[in-house]
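I have placed the structure first, in the form of structure tokens, so that the comments after it can refer back to it.
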Amino acid sequence: MIIQKSATPRIATFDPQNFSFGDTFTDHMIICEYENGKWGDVKLIPYGPLPFTPAMMGLNYGQACFEGMKAYKDDEGEVFLFRPEKNFERINKSASRLAMPEVTEEMFLGGLKALVDMDREWIPQGVGTSLYIRPLIFATEEVLKARISNKYMFAIVATPAKSYYTEPVSVLISDFYSRAASGGVGSAKAAGNYAASFYPTQLANQQGYEQVIWTDDSTHEYFEESGTMNVFVRINDTIYTPPTSEKILDGVTRDSFIHLAKRRGIEVRIEPVSVKKVIEAQKDGSLKEVWGVGTAVVTSVFRALGYKGEKLELPTLPLEESFALSLQQDLVNIQNNKSEDPFGWRMKVGKEVLQDA
Ligand SMILES: *Cc1c(COP(=O)(O)O)cnc(C)c1O
């Protein structure tokens, strides 16, 4: 790895009590370029802009994918990644689906560890806070031909994240728009999937809903995901989540919730969840909770579901009665090294003395 430390670090001006998530970047970033059929050297360099032309293929044809993950700092100041091998596997699945070259373990895990170690002072301490990490791959070839690019960049940037706590939200069950199509790229973290979701989300916002529950593209009768999160439904004391597919992204948080629920002895059913079943359960009072899960906020609890002009209210349960919040707490405790790690999910980031090139 080629290392070039920032000559003008901004860490001294960073106030962990007062910053804005998503637009405050740490002092460094990882980059690695692909051409002539292979990846070059991994570089850890000062964070900042890179020169590109509007003719870059990634911008024109959307050949771009990314990951979202976090690093956590415990009370002693030790730093941990959470199941980073899952994100490594997934970015390569996304890359393959978009006809992009896969990245190596050295680039992905090696790059992550080096960046997080170098910028460890940027990781806020305290439950719920973390460092949000964004690895991405995009096509950089300067050519306007609709074909597979021959040049790419892999990069990793990081931004401090605040407490995950969010208020319960209202969500609109989509009966027209879909996020993913059969045979499409829904299971890849393709940049374009997000672009396609913004307009329907904006329409939902105008109707007073924070998010959209995406339903299947052919019948709109089955739940798929909620916003950019996987979805769970609790009817009586059983929780349901749809199986992953080419339309439903295989979330690390979803998988972790399934393990944690089973550990608590909760019955988990991975099966298609019909809108009809959820609405009937809401009407007869057996629908206890509906929530979304993802790395960014861990859990987003829903307080109402909108469907065909009707707003169906959901109870908001206290922590002791809520599966969503109890499982969230189990997960956060593991991530922050506040509890045992029964599944071996934490990966400690050692302190290395990094030398300038
Ligand atoms: C990233 C993402 C998720 C959540 O995945 P996590 O690994 O849990 O963060 C769910 N759905 C979509 C569409 C996503 O892009």
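The way I read the labels, and the way they are meant: chains A, B, ... in the order of the structure tokens, residue 1 as the first residue of every chain, and ligand 1 as the first ligand shown, with later ones counted on from there.
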
Could the residues of chain A that have an atom at most 6 Å from ligand 1 be listed as JSON lines, each with its closest atom pair and the distance in Å to one decimal, counting only C-alpha atoms and all ligand atoms and ordered by chain and ascending residue number?
```
{"residue": "A:Gly68", "atom": "CA", "partner": "ligand 1", "partner_atom_place_in_ligand_line": "9 (O)", "distance": 6.0}
{"residue": "A:Lys189", "atom": "CA", "partner": "ligand 1", "partner_atom_place_in_ligand_line": "15 (O)", "distance": 5.1}
{"residue": "A:Thr228", "atom": "CA", "partner": "ligand 1", "partner_atom_place_in_ligand_line": "12 (C)", "distance": 4.1}
{"residue": "A:Met229", "atom": "CA", "partner": "ligand 1", "partner_atom_place_in_ligand_line": "10 (C)", "distance": 3.7}
{"residue": "A:Asn230", "atom": "CA", "partner": "ligand 1", "partner_atom_place_in_ligand_line": "10 (C)", "distance": 4.8}
{"residue": "A:Leu249", "atom": "CA", "partner": "ligand 1", "partner_atom_place_in_ligand_line": "11 (N)", "distance": 5.0}
{"residue": "A:Gly251", "atom": "CA", "partner": "ligand 1", "partner_atom_place_in_ligand_line": "5 (O)", "distance": 3.4}
{"residue": "A:Val252", "atom": "CA", "partner": "ligand 1", "partner_atom_place_in_ligand_line": "7 (O)", "distance": 3.7}
{"residue": "A:Thr253", "atom": "CA", "partner": "ligand 1", "partner_atom_place_in_ligand_line": "8 (O)", "distance": 3.6}
{"residue": "A:Arg254", "atom": "CA", "partner": "ligand 1", "partner_atom_place_in_ligand_line": "8 (O)", "distance": 5.6}
{"residue": "A:Gly294", "atom": "CA", "partner": "ligand 1", "partner_atom_place_in_ligand_line": "8 (O)", "distance": 3.6}
{"residue": "A:Thr295", "atom": "CA", "partner": "ligand 1", "partner_atom_place_in_ligand_line": "9 (O)", "distance": 3.7}
```

Keeping all heavy atoms, export the residues of the selection given above as a PDB file, in the first residue's frame.
```pdb
ATOM      1  N   GLY A  68     -22.037   0.039   2.256  1.00  0.00           N
ATOM      2  CA  GLY A  68     -22.230   0.908   3.415  1.00  0.00           C
ATOM      3  C   GLY A  68     -21.958   0.075   4.647  1.00  0.00           C
ATOM      4  O   GLY A  68     -22.549  -0.996   4.802  1.00  0.00           O
ATOM      5  N   LYS A 189     -25.915  -3.522  -4.948  1.00  0.00           N
ATOM      6  CA  LYS A 189     -25.969  -2.146  -4.445  1.00  0.00           C
ATOM      7  C   LYS A 189     -25.513  -1.253  -5.597  1.00  0.00           C
ATOM      8  O   LYS A 189     -24.440  -0.654  -5.561  1.00  0.00           O
ATOM      9  CB  LYS A 189     -25.095  -1.971  -3.202  1.00  0.00           C
ATOM     10  CG  LYS A 189     -25.854  -2.282  -1.914  1.00  0.00           C
ATOM     11  CD  LYS A 189     -25.038  -1.992  -0.686  1.00  0.00           C
ATOM     12  CE  LYS A 189     -25.615  -0.859   0.126  1.00  0.00           C
ATOM     13  NZ  LYS A 189     -26.875  -1.182   0.798  1.00  0.00           N
ATOM     14  N   THR A 228     -34.463   1.983   1.722  1.00  0.00           N
ATOM     15  CA  THR A 228     -33.227   1.256   1.414  1.00  0.00           C
ATOM     16  C   THR A 228     -32.918   0.290   2.545  1.00  0.00           C
ATOM     17  O   THR A 228     -31.766   0.062   2.900  1.00  0.00           O
ATOM     18  CB  THR A 228     -32.063   2.231   1.224  1.00  0.00           C
ATOM     19  OG1 THR A 228     -31.937   2.995   2.421  1.00  0.00           O
ATOM     20  CG2 THR A 228     -32.307   3.163   0.056  1.00  0.00           C
ATOM     21  N   MET A 229     -33.980  -0.261   3.127  1.00  0.00           N
ATOM     22  CA  MET A 229     -33.805  -1.196   4.241  1.00  0.00           C
ATOM     23  C   MET A 229     -34.584  -2.476   3.967  1.00  0.00           C
ATOM     24  O   MET A 229     -35.591  -2.461   3.248  1.00  0.00           O
ATOM     25  CB  MET A 229     -34.329  -0.561   5.536  1.00  0.00           C
ATOM     26  CG  MET A 229     -33.742   0.794   5.854  1.00  0.00           C
ATOM     27  SD  MET A 229     -34.501   1.506   7.340  1.00  0.00           S
ATOM     28  CE  MET A 229     -33.275   1.064   8.537  1.00  0.00           C
ATOM     29  N   ASN A 230     -34.164  -3.562   4.599  1.00  0.00           N
ATOM     30  CA  ASN A 230     -34.956  -4.790   4.575  1.00  0.00           C
ATOM     31  C   ASN A 230     -36.091  -4.627   5.583  1.00  0.00           C
ATOM     32  O   ASN A 230     -36.011  -3.813   6.498  1.00  0.00           O
ATOM     33  CB  ASN A 230     -34.083  -6.005   4.911  1.00  0.00           C
ATOM     34  CG  ASN A 230     -33.054  -6.293   3.834  1.00  0.00           C
ATOM     35  OD1 ASN A 230     -31.866  -6.114   4.049  1.00  0.00           O
ATOM     36  ND2 ASN A 230     -33.507  -6.727   2.673  1.00  0.00           N
ATOM     37  N   LEU A 249     -32.410  -7.137  -1.614  1.00  0.00           N
ATOM     38  CA  LEU A 249     -31.000  -7.085  -1.261  1.00  0.00           C
ATOM     39  C   LEU A 249     -30.720  -7.885   0.018  1.00  0.00           C
ATOM     40  O   LEU A 249     -31.483  -7.840   0.970  1.00  0.00           O
ATOM     41  CB  LEU A 249     -30.588  -5.621  -1.076  1.00  0.00           C
ATOM     42  CG  LEU A 249     -29.085  -5.455  -1.046  1.00  0.00           C
ATOM     43  CD1 LEU A 249     -28.628  -4.548  -2.167  1.00  0.00           C
ATOM     44  CD2 LEU A 249     -28.622  -4.949   0.285  1.00  0.00           C
ATOM     45  N   GLY A 251     -29.263  -7.954   3.052  1.00  0.00           N
ATOM     46  CA  GLY A 251     -28.694  -7.032   4.033  1.00  0.00           C
ATOM     47  C   GLY A 251     -27.965  -7.744   5.162  1.00  0.00           C
ATOM     48  O   GLY A 251     -28.411  -8.790   5.642  1.00  0.00           O
ATOM     49  N   VAL A 252     -26.877  -7.152   5.592  1.00  0.00           N
ATOM     50  CA  VAL A 252     -26.101  -7.698   6.715  1.00  0.00           C
ATOM     51  C   VAL A 252     -26.916  -7.538   8.007  1.00  0.00           C
ATOM     52  O   VAL A 252     -26.926  -8.412   8.871  1.00  0.00           O
ATOM     53  CB  VAL A 252     -24.736  -6.980   6.846  1.00  0.00           C
ATOM     54  CG1 VAL A 252     -23.937  -7.543   8.017  1.00  0.00           C
ATOM     55  CG2 VAL A 252     -23.940  -7.102   5.544  1.00  0.00           C
ATOM     56  N   THR A 253     -27.638  -6.424   8.120  1.00  0.00           N
ATOM     57  CA  THR A 253     -28.447  -6.194   9.323  1.00  0.00           C
ATOM     58  C   THR A 253     -29.603  -7.200   9.370  1.00  0.00           C
ATOM     59  O   THR A 253     -29.903  -7.761  10.427  1.00  0.00           O
ATOM     60  CB  THR A 253     -28.994  -4.753   9.328  1.00  0.00           C
ATOM     61  OG1 THR A 253     -27.960  -3.869   8.881  1.00  0.00           O
ATOM     62  CG2 THR A 253     -29.423  -4.341  10.719  1.00  0.00           C
ATOM     63  N   ARG A 254     -30.228  -7.446   8.233  1.00  0.00           N
ATOM     64  CA  ARG A 254     -31.312  -8.439   8.158  1.00  0.00           C
ATOM     65  C   ARG A 254     -30.822  -9.798   8.644  1.00  0.00           C
ATOM     66  O   ARG A 254     -31.440 -10.422   9.510  1.00  0.00           O
ATOM     67  CB  ARG A 254     -31.811  -8.545   6.708  1.00  0.00           C
ATOM     68  CG  ARG A 254     -32.795  -9.672   6.441  1.00  0.00           C
ATOM     69  CD  ARG A 254     -33.080  -9.801   4.940  1.00  0.00           C
ATOM     70  NE  ARG A 254     -33.975 -10.908   4.661  1.00  0.00           N
ATOM     71  CZ  ARG A 254     -33.591 -12.173   4.556  1.00  0.00           C
ATOM     72  NH1 ARG A 254     -32.305 -12.501   4.711  1.00  0.00           N
ATOM     73  NH2 ARG A 254     -34.472 -13.121   4.303  1.00  0.00           N
ATOM     74  N   GLY A 294     -31.206  -1.725   8.532  1.00  0.00           N
ATOM     75  CA  GLY A 294     -30.074  -1.454   7.645  1.00  0.00           C
ATOM     76  C   GLY A 294     -28.945  -0.853   8.468  1.00  0.00           C
ATOM     77  O   GLY A 294     -29.163  -0.422   9.609  1.00  0.00           O
ATOM     78  N   THR A 295     -27.772  -0.822   7.893  1.00  0.00           N
ATOM     79  CA  THR A 295     -26.587  -0.352   8.611  1.00  0.00           C
ATOM     80  C   THR A 295     -26.738   1.071   9.155  1.00  0.00           C
ATOM     81  O   THR A 295     -26.346   1.349  10.280  1.00  0.00           O
ATOM     82  CB  THR A 295     -25.371  -0.417   7.668  1.00  0.00           C
ATOM     83  OG1 THR A 295     -25.157  -1.793   7.350  1.00  0.00           O
ATOM     84  CG2 THR A 295     -24.122   0.165   8.305  1.00  0.00           C
TER      85      THR A 295
END
```

Selection: 8 Å around A:Tyr132, only C-alpha atoms, excl. self and same-chain fewer than 5 positions, as a PyMOL selection string: chain A and resi 68-71+158-161+296

Secondary structure check, helix (DSSP H, G or I) residues of stretch 128-345 of chain A, as JSON, numbers by chain: {"A": [191, 192, 193, 194, 195, 196, 197, 198, 199, 200, 201, 202, 203, 204, 205, 206, 252, 253, 254, 255, 256, 257, 258, 259, 260, 261, 262, 263, 275, 276, 277, 278, 279, 280, 281, 282, 283, 284, 323, 324, 325, 326, 327, 328, 329, 330, 331, 332, 333, 334, 335]}

Using only C-alpha atoms, which protein or nucleic acid residues come within 9 Å of stretch 213-225 of chain A? Drop anything in the same chain fewer than 4 positions from it, and give the result as a PDB file with N, CA, C and O atoms, in the first residue's frame.
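Result saved to part-v7.pdb:
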```
ATOM      1  N   VAL A 171     -45.012   4.925   6.644  1.00  0.00           N
ATOM      2  CA  VAL A 171     -44.531   4.436   5.351  1.00  0.00           C
ATOM      3  C   VAL A 171     -45.700   4.139   4.417  1.00  0.00           C
ATOM      4  O   VAL A 171     -46.766   3.722   4.866  1.00  0.00           O
ATOM      5  N   LEU A 172     -45.480   4.377   3.150  1.00  0.00           N
ATOM      6  CA  LEU A 172     -46.532   4.184   2.147  1.00  0.00           C
ATOM      7  C   LEU A 172     -46.262   2.901   1.366  1.00  0.00           C
ATOM      8  O   LEU A 172     -45.204   2.746   0.754  1.00  0.00           O
ATOM      9  N   ILE A 173     -47.234   1.972   1.386  1.00  0.00           N
ATOM     10  CA  ILE A 173     -47.078   0.720   0.641  1.00  0.00           C
ATOM     11  C   ILE A 173     -47.348   1.029  -0.830  1.00  0.00           C
ATOM     12  O   ILE A 173     -48.436   1.493  -1.186  1.00  0.00           O
ATOM     13  N   SER A 174     -46.348   0.785  -1.666  1.00  0.00           N
ATOM     14  CA  SER A 174     -46.466   1.160  -3.073  1.00  0.00           C
ATOM     15  C   SER A 174     -47.409   0.217  -3.817  1.00  0.00           C
ATOM     16  O   SER A 174     -47.297  -1.004  -3.707  1.00  0.00           O
ATOM     17  N   ASP A 175     -48.357   0.794  -4.564  1.00  0.00           N
ATOM     18  CA  ASP A 175     -49.205  -0.057  -5.400  1.00  0.00           C
ATOM     19  C   ASP A 175     -48.957   0.241  -6.886  1.00  0.00           C
ATOM     20  O   ASP A 175     -49.715  -0.177  -7.744  1.00  0.00           O
ATOM     21  N   PHE A 176     -47.891   0.972  -7.151  1.00  0.00           N
ATOM     22  CA  PHE A 176     -47.554   1.264  -8.560  1.00  0.00           C
ATOM     23  C   PHE A 176     -46.043   1.151  -8.829  1.00  0.00           C
ATOM     24  O   PHE A 176     -45.613   0.358  -9.661  1.00  0.00           O
ATOM     25  N   TYR A 177     -45.257   1.922  -8.096  1.00  0.00           N
ATOM     26  CA  TYR A 177     -43.806   1.911  -8.352  1.00  0.00           C
ATOM     27  C   TYR A 177     -43.156   0.675  -7.752  1.00  0.00           C
ATOM     28  O   TYR A 177     -43.642   0.113  -6.775  1.00  0.00           O
ATOM     29  N   SER A 178     -42.030   0.259  -8.355  1.00  0.00           N
ATOM     30  CA  SER A 178     -41.253  -0.810  -7.727  1.00  0.00           C
ATOM     31  C   SER A 178     -39.781  -0.395  -7.726  1.00  0.00           C
ATOM     32  O   SER A 178     -39.356   0.433  -8.529  1.00  0.00           O
ATOM     33  N   ARG A 179     -39.046  -0.951  -6.802  1.00  0.00           N
ATOM     34  CA  ARG A 179     -37.627  -0.638  -6.662  1.00  0.00           C
ATOM     35  C   ARG A 179     -36.783  -1.528  -7.566  1.00  0.00           C
ATOM     36  O   ARG A 179     -35.749  -1.123  -8.082  1.00  0.00           O
ATOM     37  N   ALA A 180     -37.259  -2.757  -7.747  1.00  0.00           N
ATOM     38  CA  ALA A 180     -36.467  -3.758  -8.458  1.00  0.00           C
ATOM     39  C   ALA A 180     -37.377  -4.594  -9.342  1.00  0.00           C
ATOM     40  O   ALA A 180     -38.563  -4.746  -9.035  1.00  0.00           O
ATOM     41  N   ALA A 181     -36.835  -5.119 -10.403  1.00  0.00           N
ATOM     42  CA  ALA A 181     -37.633  -5.930 -11.318  1.00  0.00           C
ATOM     43  C   ALA A 181     -37.075  -7.342 -11.405  1.00  0.00           C
ATOM     44  O   ALA A 181     -35.884  -7.564 -11.149  1.00  0.00           O
ATOM     45  N   SER A 182     -37.932  -8.283 -11.795  1.00  0.00           N
ATOM     46  CA  SER A 182     -37.473  -9.659 -11.992  1.00  0.00           C
ATOM     47  C   SER A 182     -36.349  -9.658 -13.014  1.00  0.00           C
ATOM     48  O   SER A 182     -36.469  -9.022 -14.063  1.00  0.00           O
ATOM     49  N   MET A 229     -33.980  -0.261   3.127  1.00  0.00           N
ATOM     50  CA  MET A 229     -33.805  -1.196   4.241  1.00  0.00           C
ATOM     51  C   MET A 229     -34.584  -2.476   3.967  1.00  0.00           C
ATOM     52  O   MET A 229     -35.591  -2.461   3.248  1.00  0.00           O
ATOM     53  N   ASN A 230     -34.164  -3.562   4.599  1.00  0.00           N
ATOM     54  CA  ASN A 230     -34.956  -4.790   4.575  1.00  0.00           C
ATOM     55  C   ASN A 230     -36.091  -4.627   5.583  1.00  0.00           C
ATOM     56  O   ASN A 230     -36.011  -3.813   6.498  1.00  0.00           O
ATOM     57  N   VAL A 231     -37.136  -5.426   5.412  1.00  0.00           N
ATOM     58  CA  VAL A 231     -38.322  -5.213   6.240  1.00  0.00           C
ATOM     59  C   VAL A 231     -38.681  -6.457   7.064  1.00  0.00           C
ATOM     60  O   VAL A 231     -38.493  -7.595   6.611  1.00  0.00           O
ATOM     61  N   PHE A 232     -39.140  -6.195   8.282  1.00  0.00           N
ATOM     62  CA  PHE A 232     -39.625  -7.256   9.173  1.00  0.00           C
ATOM     63  C   PHE A 232     -41.042  -6.909   9.619  1.00  0.00           C
ATOM     64  O   PHE A 232     -41.359  -5.739   9.829  1.00  0.00           O
ATOM     65  N   THR A 241     -39.998 -12.158   7.415  1.00  0.00           N
ATOM     66  CA  THR A 241     -39.254 -11.306   6.487  1.00  0.00           C
ATOM     67  C   THR A 241     -39.185 -12.033   5.155  1.00  0.00           C
ATOM     68  O   THR A 241     -39.020 -13.259   5.120  1.00  0.00           O
ATOM     69  N   PRO A 242     -39.355 -11.300   4.038  1.00  0.00           N
ATOM     70  CA  PRO A 242     -39.310 -12.002   2.752  1.00  0.00           C
ATOM     71  C   PRO A 242     -37.915 -12.558   2.452  1.00  0.00           C
ATOM     72  O   PRO A 242     -36.920 -11.997   2.896  1.00  0.00           O
ATOM     73  N   PRO A 243     -37.862 -13.686   1.721  1.00  0.00           N
ATOM     74  CA  PRO A 243     -36.555 -14.259   1.354  1.00  0.00           C
ATOM     75  C   PRO A 243     -35.812 -13.321   0.399  1.00  0.00           C
ATOM     76  O   PRO A 243     -36.437 -12.615  -0.380  1.00  0.00           O
ATOM     77  N   THR A 244     -34.478 -13.330   0.479  1.00  0.00           N
ATOM     78  CA  THR A 244     -33.707 -12.505  -0.455  1.00  0.00           C
ATOM     79  C   THR A 244     -33.812 -13.141  -1.846  1.00  0.00           C
ATOM     80  O   THR A 244     -34.072 -14.336  -1.984  1.00  0.00           O
ATOM     81  N   LYS A 247     -34.450  -9.484  -6.405  1.00  0.00           N
ATOM     82  CA  LYS A 247     -35.136  -8.205  -6.192  1.00  0.00           C
ATOM     83  C   LYS A 247     -34.984  -7.682  -4.763  1.00  0.00           C
ATOM     84  O   LYS A 247     -35.333  -6.546  -4.485  1.00  0.00           O
ATOM     85  N   ILE A 248     -34.533  -8.551  -3.868  1.00  0.00           N
ATOM     86  CA  ILE A 248     -34.417  -8.145  -2.463  1.00  0.00           C
ATOM     87  C   ILE A 248     -32.968  -8.265  -2.023  1.00  0.00           C
ATOM     88  O   ILE A 248     -32.363  -9.343  -2.078  1.00  0.00           O
ATOM     89  N   LEU A 249     -32.410  -7.137  -1.614  1.00  0.00           N
ATOM     90  CA  LEU A 249     -31.000  -7.085  -1.261  1.00  0.00           C
ATOM     91  C   LEU A 249     -30.720  -7.885   0.018  1.00  0.00           C
ATOM     92  O   LEU A 249     -31.483  -7.840   0.970  1.00  0.00           O
ATOM     93  N   PRO A 272     -42.563 -15.268   1.724  1.00  0.00           N
ATOM     94  CA  PRO A 272     -43.197 -14.085   1.140  1.00  0.00           C
ATOM     95  C   PRO A 272     -44.239 -13.511   2.106  1.00  0.00           C
ATOM     96  O   PRO A 272     -44.967 -14.253   2.758  1.00  0.00           O
ATOM     97  N   VAL A 273     -44.269 -12.184   2.224  1.00  0.00           N
ATOM     98  CA  VAL A 273     -45.183 -11.510   3.153  1.00  0.00           C
ATOM     99  C   VAL A 273     -46.179 -10.723   2.305  1.00  0.00           C
ATOM    100  O   VAL A 273     -45.797  -9.761   1.621  1.00  0.00           O
ATOM    101  N   SER A 274     -47.445 -11.144   2.319  1.00  0.00           N
ATOM    102  CA  SER A 274     -48.402 -10.445   1.452  1.00  0.00           C
ATOM    103  C   SER A 274     -48.960  -9.209   2.146  1.00  0.00           C
ATOM    104  O   SER A 274     -49.126  -9.169   3.369  1.00  0.00           O
ATOM    105  N   VAL A 275     -49.262  -8.205   1.337  1.00  0.00           N
ATOM    106  CA  VAL A 275     -49.851  -6.968   1.839  1.00  0.00           C
ATOM    107  C   VAL A 275     -51.181  -7.313   2.523  1.00  0.00           C
ATOM    108  O   VAL A 275     -51.503  -6.800   3.599  1.00  0.00           O
ATOM    109  N   LYS A 276     -51.930  -8.233   1.913  1.00  0.00           N
ATOM    110  CA  LYS A 276     -53.232  -8.645   2.434  1.00  0.00           C
ATOM    111  C   LYS A 276     -53.117  -9.183   3.865  1.00  0.00           C
ATOM    112  O   LYS A 276     -53.880  -8.799   4.747  1.00  0.00           O
ATOM    113  N   GLY A 292     -38.010  -1.509   9.538  1.00  0.00           N
ATOM    114  CA  GLY A 292     -36.969  -1.674   8.531  1.00  0.00           C
ATOM    115  C   GLY A 292     -35.620  -1.811   9.225  1.00  0.00           C
ATOM    116  O   GLY A 292     -35.440  -1.292  10.338  1.00  0.00           O
ATOM    117  N   LEU A 305     -48.971   2.608   8.352  1.00  0.00           N
ATOM    118  CA  LEU A 305     -48.796   2.104   6.989  1.00  0.00           C
ATOM    119  C   LEU A 305     -49.881   2.749   6.127  1.00  0.00           C
ATOM    120  O   LEU A 305     -51.063   2.696   6.495  1.00  0.00           O
TER     121      LEU A 305
END
```

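Every protein or nucleic acid residue with an atom no more than 7 Å from stretch 105-117 of chain A, counting only C-alpha atoms and leaving out same-chain residues fewer than 5 positions away, appears here: His28, Met29, Ile30, Val42, Leu44, Phe88, Val349 and Lys351 of chain A.
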
For the residues in the current selection, export all heavy atoms as a PDB file, in the first residue's frame.
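Done, and the output landed in out.pdb:
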```
ATOM      1  N   HIS A  28      -8.471  11.178   5.336  1.00  0.00           N
ATOM      2  CA  HIS A  28      -7.878  10.349   4.279  1.00  0.00           C
ATOM      3  C   HIS A  28      -8.920   9.558   3.504  1.00  0.00           C
ATOM      4  O   HIS A  28     -10.079   9.496   3.901  1.00  0.00           O
ATOM      5  CB  HIS A  28      -6.833   9.397   4.883  1.00  0.00           C
ATOM      6  CG  HIS A  28      -5.714  10.116   5.537  1.00  0.00           C
ATOM      7  ND1 HIS A  28      -5.776  10.521   6.858  1.00  0.00           N
ATOM      8  CD2 HIS A  28      -4.520  10.549   5.051  1.00  0.00           C
ATOM      9  CE1 HIS A  28      -4.667  11.175   7.163  1.00  0.00           C
ATOM     10  NE2 HIS A  28      -3.883  11.203   6.088  1.00  0.00           N
ATOM     11  N   MET A  29      -8.483   8.975   2.417  1.00  0.00           N
ATOM     12  CA  MET A  29      -9.340   8.076   1.636  1.00  0.00           C
ATOM     13  C   MET A  29      -8.442   7.040   0.954  1.00  0.00           C
ATOM     14  O   MET A  29      -7.226   7.222   0.858  1.00  0.00           O
ATOM     15  CB  MET A  29     -10.144   8.856   0.595  1.00  0.00           C
ATOM     16  CG  MET A  29      -9.318   9.560  -0.464  1.00  0.00           C
ATOM     17  SD  MET A  29     -10.437  10.463  -1.600  1.00  0.00           S
ATOM     18  CE  MET A  29      -9.259  11.172  -2.744  1.00  0.00           C
ATOM     19  N   ILE A  30      -9.079   5.971   0.514  1.00  0.00           N
ATOM     20  CA  ILE A  30      -8.366   4.926  -0.233  1.00  0.00           C
ATOM     21  C   ILE A  30      -8.753   5.066  -1.700  1.00  0.00           C
ATOM     22  O   ILE A  30      -9.929   5.279  -2.018  1.00  0.00           O
ATOM     23  CB  ILE A  30      -8.808   3.519   0.260  1.00  0.00           C
ATOM     24  CG1 ILE A  30      -8.363   3.264   1.700  1.00  0.00           C
ATOM     25  CG2 ILE A  30      -8.345   2.410  -0.693  1.00  0.00           C
ATOM     26  CD1 ILE A  30      -6.906   2.927   1.878  1.00  0.00           C
ATOM     27  N   VAL A  42      -2.819   0.002  -4.166  1.00  0.00           N
ATOM     28  CA  VAL A  42      -3.792   0.613  -3.264  1.00  0.00           C
ATOM     29  C   VAL A  42      -3.101   1.824  -2.634  1.00  0.00           C
ATOM     30  O   VAL A  42      -1.962   1.716  -2.171  1.00  0.00           O
ATOM     31  CB  VAL A  42      -4.223  -0.373  -2.157  1.00  0.00           C
ATOM     32  CG1 VAL A  42      -5.277   0.257  -1.257  1.00  0.00           C
ATOM     33  CG2 VAL A  42      -4.749  -1.661  -2.769  1.00  0.00           C
ATOM     34  N   LEU A  44      -3.429   5.095   0.109  1.00  0.00           N
ATOM     35  CA  LEU A  44      -4.096   5.799   1.210  1.00  0.00           C
ATOM     36  C   LEU A  44      -3.605   7.234   1.114  1.00  0.00           C
ATOM     37  O   LEU A  44      -2.414   7.500   1.337  1.00  0.00           O
ATOM     38  CB  LEU A  44      -3.694   5.168   2.545  1.00  0.00           C
ATOM     39  CG  LEU A  44      -4.233   5.817   3.828  1.00  0.00           C
ATOM     40  CD1 LEU A  44      -5.747   5.789   3.889  1.00  0.00           C
ATOM     41  CD2 LEU A  44      -3.668   5.110   5.054  1.00  0.00           C
ATOM     42  N   PHE A  88     -17.518  -7.341   1.787  1.00  0.00           N
ATOM     43  CA  PHE A  88     -16.532  -7.703   0.761  1.00  0.00           C
ATOM     44  C   PHE A  88     -17.164  -8.644  -0.270  1.00  0.00           C
ATOM     45  O   PHE A  88     -17.078  -8.417  -1.484  1.00  0.00           O
ATOM     46  CB  PHE A  88     -15.306  -8.344   1.426  1.00  0.00           C
ATOM     47  CG  PHE A  88     -14.312  -8.927   0.474  1.00  0.00           C
ATOM     48  CD1 PHE A  88     -13.766  -8.150  -0.540  1.00  0.00           C
ATOM     49  CD2 PHE A  88     -13.925 -10.256   0.583  1.00  0.00           C
ATOM     50  CE1 PHE A  88     -12.841  -8.698  -1.432  1.00  0.00           C
ATOM     51  CE2 PHE A  88     -13.010 -10.800  -0.299  1.00  0.00           C
ATOM     52  CZ  PHE A  88     -12.464 -10.028  -1.307  1.00  0.00           C
ATOM     53  N   VAL A 349      -9.703  -3.566  14.782  1.00  0.00           N
ATOM     54  CA  VAL A 349      -8.750  -2.877  13.903  1.00  0.00           C
ATOM     55  C   VAL A 349      -7.535  -2.515  14.738  1.00  0.00           C
ATOM     56  O   VAL A 349      -7.613  -1.663  15.627  1.00  0.00           O
ATOM     57  CB  VAL A 349      -9.389  -1.607  13.290  1.00  0.00           C
ATOM     58  CG1 VAL A 349      -8.390  -0.887  12.390  1.00  0.00           C
ATOM     59  CG2 VAL A 349     -10.645  -1.970  12.496  1.00  0.00           C
ATOM     60  N   LYS A 351      -3.742  -1.227  15.913  1.00  0.00           N
ATOM     61  CA  LYS A 351      -3.044   0.046  15.697  1.00  0.00           C
ATOM     62  C   LYS A 351      -1.710  -0.244  15.023  1.00  0.00           C
ATOM     63  O   LYS A 351      -0.858  -0.912  15.574  1.00  0.00           O
ATOM     64  CB  LYS A 351      -2.797   0.757  17.033  1.00  0.00           C
ATOM     65  CG  LYS A 351      -4.068   1.208  17.715  1.00  0.00           C
ATOM     66  CD  LYS A 351      -3.748   2.100  18.911  1.00  0.00           C
ATOM     67  CE  LYS A 351      -4.990   2.540  19.656  1.00  0.00           C
ATOM     68  NZ  LYS A 351      -5.343   1.742  20.820  1.00  0.00           N
TER      69      LYS A 351
END
```

Selection near stretch 162-164 of chain A, 10 Å with only C-alpha atoms, sequence-local residues under 6 positions removed, as a count of residues only: 23

Strand (DSSP E) positions in stretch 223-297 of chain A, given as a count of residues only: 27

Contacts of A:Asp284 at 12 Å (only C-alpha atoms; same-chain gap of 4+ positions) as a PyMOL selection string: chain A and resi 235-236+277-280+288+312+314

Contacts of A:Asp237 at 10 Å (only C-alpha atoms; same-chain gap of 3+ positions) as a PyMOL selection string: chain A and resi 234+240+266-268+286-289+323

Coordinates-based distance that separates atom CA of A:Met118 from atom CA of A:Asn336 (Å, one decimal):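 Separating atom CA of A:Asn336 from atom CA of A:Met118 is a distance of 19.5 Å.
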
Which of A:Glu210, A:Tyr165, A:Lys86, A:Ala64 sits closest to A:Trp345 [using only C-alpha atoms]: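 For A:Trp345, the nearest of the candidates is A:Lys86.
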
Using only C-alpha atoms: which of A:Ala261, A:Ile91, A:Leu50, A:Ile45 has the shortest distance to A:Ser187: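 Looking at the shortest contact to A:Ser187, the residue is A:Ile91.
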